[in-house]
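Engineer: If you scroll down you'll find the structure; I have some questions about it.
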Amino acid sequence: MELTAWEKVKLARHPKRPTSIKVIKEICPDFVELHGDRLFSDDHAIIGGIATLNGQSVTIIAEEKGVSTEEKIKHNFGMPHPEGYRKALRLMKQAEKFKRPIICIIDTPGAYPGIGAEERGQASAIATNLREMMGLKTPIIVVVLSEGGSGGALAIGVGDHIMMFENSVYAILSPEGFASIIYKDSQKADVAAQLMKLTASDLASFNVIDQIILEHEGLHIDPDFGMQELKKALVIQLKKLKKMSISRLLDERYQKFRRMGTFLEKGEHHESST
């Protein structure tokens with residue numbers, strides 16, 4: 001039976017769903033983490049480093065929520081500060097220099113909205129990443145693991161190929177936030193989720209994402225199946241993207257997001273005129 005959008009939101013947030021660290025250990029057991037943005041601190045909400053995938057050197061950048069209470073506090077529940085995005089960009093630039101493809105794993109409710117984060121340039125850090133990722137001269141694959149929320153997700157979400165797990169969600173804000181704005185009632189989050197078109201199947205139909213990674217019974221029940229499907233998909237796409245010239249890669253990346261922006265603009269215009 002097909003799950004509703006709200007049921008998929010709840011699955012994306014399931015406490016037994018694997019986080020980015022588990023995924024990285026499964027697909028790249030030789031992962032070596034690198035730390036710090038060289039400006040302020042090391043943000044544990046974003047982890048990044050180098051590894052090999054099927055013999056190919058890669059840079060992995062991921063948002064991490066944590067599993068236990070202590071881990072969740074350490075990783076700030078997967079909500080990055082600006083130094084996290086600056087660390088991500090530093091590692092992306094390093095990957096470009098050494099011609100390593102980049103794999104970004106999205107799993108966040110959104111960027112951290114605290115005063116300190118705003119004072120240190122949260123919006124600027126996100127905007128800079130969007131701009132710089134568009135022109136990085138190396139392949140970028142983006143994976144939405146569970147929850148992709150707002151600019152917190154978009155800041156590492158520009159890529160040549162975008163994948164989503166079957167029960168993940170990707171949206172401009174949480175259904176609770178959407179319901180609070182539209183209905184003045186966060187309890188209507190289930191209604192909001194349906195309207196937001198935030199599921200993998202919705203976004204694939206709009207060409208916002210390129211591929212859906214199947215989960216079988218769900219990552220919270222059978223994570224091994226999903227990890228195997230992800231690894232196969234990554235290997236296939238890496239081979240494909242590595243064969244492309246840099247000029248073609250950058251042109252297709254630009255056109256991809258240009259088409260996406262045009263489609264969304266037309267959709268908004270249609271909704272406002274009806």
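Chain labels run A, B, ... following the order of the structure tokens; each chain numbers its residues from 1, and ligands are numbered from 1 in the order shown.
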From segment 21-240 of chain A, collect each residue whose DSSP state is helix (DSSP H, G or I) and return the set as number ranges by chain.
Structural biologist: A: 21-27, 69-74, 76-78, 82-97, 115-119, 122-134, 150-154, 175-182, 186-196, 200-205, 223-240
Engineer: Just want the 6 Å neighbourhood of segment 207-209 of chain A, counted on only C-alpha atoms, with same-chain residues fewer than 3 positions away dropped. Output as an mmCIF file with N, CA and C atoms, in the first residue's frame.
Structural biologist:
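Output saved as selection19.cif:
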data_model
loop_
_atom_site.group_PDB
_atom_site.id
_atom_site.type_symbol
_atom_site.label_atom_id
_atom_site.label_comp_id
_atom_site.auth_asym_id
_atom_site.auth_seq_id
_atom_site.Cartn_x
_atom_site.Cartn_y
_atom_site.Cartn_z
ATOM 1 N N ILE A 162 21.314 13.762 -8.558
ATOM 2 C CA ILE A 162 20.700 13.850 -7.230
ATOM 3 C C ILE A 162 19.836 12.624 -6.986
ATOM 4 N N LEU A 203 9.156 14.496 -6.244
ATOM 5 C CA LEU A 203 10.270 15.285 -6.767
ATOM 6 C C LEU A 203 10.870 14.672 -8.026
ATOM 7 N N ALA A 204 10.790 13.356 -8.151
ATOM 8 C CA ALA A 204 11.234 12.712 -9.390
ATOM 9 C C ALA A 204 10.307 13.096 -10.544
#
Engineer: When you count only C-alpha atoms, which of these residues is closest to Lys74 of chain A: A:Lys93, A:Arg17, A:His44, A:Lys8?
Structural biologist: A:His44
Engineer: Ranking A:Arg38, A:Arg120, A:Lys99, A:Lys65 by minimum distance to Ile140 of chain A and counting only C-alpha atoms, which one comes first?
Structural biologist: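 So, comparing all the options, the nearest one is A:Lys99.
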Engineer: Between atom CA of Gly177 of chain A and atom CA of Ile106 of chain A, what is the spacing in Å?
Structural biologist: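 Calculated distance between atom CA of Ile106 of chain A and atom CA of Gly177 of chain A is 19.4 Å.
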Engineer: Could you state the separation of atom CA of Ser247 of chain A and atom CA of Lys137 of chain A in Å, given to one decimal place?
Structural biologist: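 Going from atom CA of Ser247 of chain A over to atom CA of Lys137 of chain A covers 8.4 Å.
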Engineer: If you run DSSP over the backbone, which residues in segment 58-243 of chain A end up strand (DSSP E or B)? Put them as a VMD selection string.
Structural biologist: chain A and resid 58 to 63 102 to 108 140 to 149 161 to 165 169 to 171 199 211 to 213
Engineer: Write a file of the selected residues as an mmCIF file, in the first residue's frame, keeping N, CA and C atoms.
Structural biologist:
data_model
loop_
_atom_site.group_PDB
_atom_site.id
_atom_site.type_symbol
_atom_site.label_atom_id
_atom_site.label_comp_id
_atom_site.auth_asym_id
_atom_site.auth_seq_id
_atom_site.Cartn_x
_atom_site.Cartn_y
_atom_site.Cartn_z
ATOM 1 N N VAL A 58 37.360 9.421 -3.442
ATOM 2 C CA VAL A 58 36.241 10.364 -3.378
ATOM 3 C C VAL A 58 36.354 11.217 -2.121
ATOM 4 N N THR A 59 35.705 12.371 -2.171
ATOM 5 C CA THR A 59 35.506 13.183 -0.975
ATOM 6 C C THR A 59 34.048 13.038 -0.569
ATOM 7 N N ILE A 60 33.820 12.771 0.716
ATOM 8 C CA ILE A 60 32.456 12.620 1.216
ATOM 9 C C ILE A 60 32.156 13.738 2.207
ATOM 10 N N ILE A 61 31.027 14.390 2.019
ATOM 11 C CA ILE A 61 30.572 15.442 2.924
ATOM 12 C C ILE A 61 29.150 15.090 3.323
ATOM 13 N N ALA A 62 28.878 15.059 4.622
ATOM 14 C CA ALA A 62 27.574 14.575 5.069
ATOM 15 C C ALA A 62 27.094 15.323 6.303
ATOM 16 N N GLU A 63 25.801 15.450 6.400
ATOM 17 C CA GLU A 63 25.177 15.996 7.601
ATOM 18 C C GLU A 63 24.840 14.844 8.536
ATOM 19 N N ILE A 102 32.938 14.237 -5.639
ATOM 20 C CA ILE A 102 32.367 14.572 -4.338
ATOM 21 C C ILE A 102 31.022 13.861 -4.169
ATOM 22 N N ILE A 103 30.825 13.268 -3.000
ATOM 23 C CA ILE A 103 29.529 12.682 -2.634
ATOM 24 C C ILE A 103 29.002 13.453 -1.428
ATOM 25 N N CYS A 104 27.852 14.086 -1.576
ATOM 26 C CA CYS A 104 27.229 14.831 -0.480
ATOM 27 C C CYS A 104 26.015 14.063 0.027
ATOM 28 N N ILE A 105 25.932 13.866 1.324
ATOM 29 C CA ILE A 105 24.808 13.155 1.932
ATOM 30 C C ILE A 105 24.013 14.135 2.789
ATOM 31 N N ILE A 106 22.764 14.362 2.398
ATOM 32 C CA ILE A 106 21.894 15.312 3.085
ATOM 33 C C ILE A 106 21.037 14.603 4.132
ATOM 34 N N ASP A 107 21.067 15.119 5.350
ATOM 35 C CA ASP A 107 20.175 14.627 6.413
ATOM 36 C C ASP A 107 20.093 15.694 7.494
ATOM 37 N N THR A 108 19.213 16.648 7.317
ATOM 38 C CA THR A 108 19.092 17.757 8.257
ATOM 39 C C THR A 108 17.680 18.321 8.273
ATOM 40 N N ILE A 140 29.881 15.879 -8.873
ATOM 41 C CA ILE A 140 29.221 15.942 -7.566
ATOM 42 C C ILE A 140 27.955 15.092 -7.608
ATOM 43 N N ILE A 141 27.848 14.163 -6.674
ATOM 44 C CA ILE A 141 26.629 13.370 -6.523
ATOM 45 C C ILE A 141 26.019 13.711 -5.169
ATOM 46 N N VAL A 142 24.726 13.961 -5.160
ATOM 47 C CA VAL A 142 24.015 14.324 -3.939
ATOM 48 C C VAL A 142 23.048 13.196 -3.571
ATOM 49 N N VAL A 143 23.043 12.817 -2.297
ATOM 50 C CA VAL A 143 22.150 11.771 -1.797
ATOM 51 C C VAL A 143 21.323 12.340 -0.651
ATOM 52 N N VAL A 144 19.998 12.326 -0.786
ATOM 53 C CA VAL A 144 19.129 12.700 0.330
ATOM 54 C C VAL A 144 18.844 11.421 1.107
ATOM 55 N N LEU A 145 19.438 11.320 2.281
ATOM 56 C CA LEU A 145 19.355 10.092 3.069
ATOM 57 C C LEU A 145 18.020 9.964 3.796
ATOM 58 N N SER A 146 17.621 11.007 4.503
ATOM 59 C CA SER A 146 16.386 10.938 5.283
ATOM 60 C C SER A 146 15.598 12.233 5.179
ATOM 61 N N GLU A 147 16.099 13.279 5.830
ATOM 62 C CA GLU A 147 15.369 14.544 5.884
ATOM 63 C C GLU A 147 16.209 15.641 5.255
ATOM 64 N N GLY A 148 15.691 16.270 4.211
ATOM 65 C CA GLY A 148 16.370 17.381 3.564
ATOM 66 C C GLY A 148 15.571 18.649 3.795
ATOM 67 N N GLY A 149 16.023 19.492 4.700
ATOM 68 C CA GLY A 149 15.240 20.657 5.059
ATOM 69 C C GLY A 149 15.883 21.975 4.692
ATOM 70 N N HIS A 161 24.143 14.762 -10.230
ATOM 71 C CA HIS A 161 23.160 13.681 -10.140
ATOM 72 C C HIS A 161 22.632 13.674 -8.717
ATOM 73 N N ILE A 162 21.314 13.762 -8.558
ATOM 74 C CA ILE A 162 20.700 13.850 -7.230
ATOM 75 C C ILE A 162 19.836 12.624 -6.986
ATOM 76 N N MET A 163 20.136 11.925 -5.899
ATOM 77 C CA MET A 163 19.401 10.718 -5.526
ATOM 78 C C MET A 163 18.635 10.960 -4.236
ATOM 79 N N MET A 164 17.527 10.260 -4.075
ATOM 80 C CA MET A 164 16.790 10.260 -2.806
ATOM 81 C C MET A 164 16.419 8.839 -2.443
ATOM 82 N N PHE A 165 16.562 8.515 -1.175
ATOM 83 C CA PHE A 165 16.041 7.237 -0.725
ATOM 84 C C PHE A 165 14.518 7.269 -0.775
ATOM 85 N N VAL A 169 12.561 12.694 2.549
ATOM 86 C CA VAL A 169 11.787 13.873 2.155
ATOM 87 C C VAL A 169 12.744 15.040 1.930
ATOM 88 N N TYR A 170 12.319 15.980 1.084
ATOM 89 C CA TYR A 170 13.183 17.100 0.679
ATOM 90 C C TYR A 170 12.275 18.292 0.426
ATOM 91 N N ALA A 171 12.426 19.355 1.220
ATOM 92 C CA ALA A 171 11.478 20.459 1.112
ATOM 93 C C ALA A 171 12.071 21.765 1.634
ATOM 94 N N THR A 199 7.989 14.197 -1.237
ATOM 95 C CA THR A 199 8.467 12.819 -1.297
ATOM 96 C C THR A 199 9.356 12.596 -2.518
ATOM 97 N N GLN A 211 17.036 10.214 -9.350
ATOM 98 C CA GLN A 211 16.961 8.779 -9.073
ATOM 99 C C GLN A 211 16.419 8.512 -7.679
ATOM 100 N N ILE A 212 15.626 7.462 -7.563
ATOM 101 C CA ILE A 212 15.105 7.014 -6.278
ATOM 102 C C ILE A 212 15.809 5.718 -5.893
ATOM 103 N N ILE A 213 16.387 5.691 -4.698
ATOM 104 C CA ILE A 213 17.048 4.494 -4.185
ATOM 105 C C ILE A 213 16.030 3.690 -3.372
#
Engineer: Using only C-alpha atoms, which of A:Gly84, A:Gly48, A:Gly159, A:Pro101 sits nearest Arg131 of chain A?
Structural biologist: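 Comparing A:Gly84, A:Gly48, A:Gly159, A:Pro101 against Arg131 of chain A, the winner is A:Gly159.
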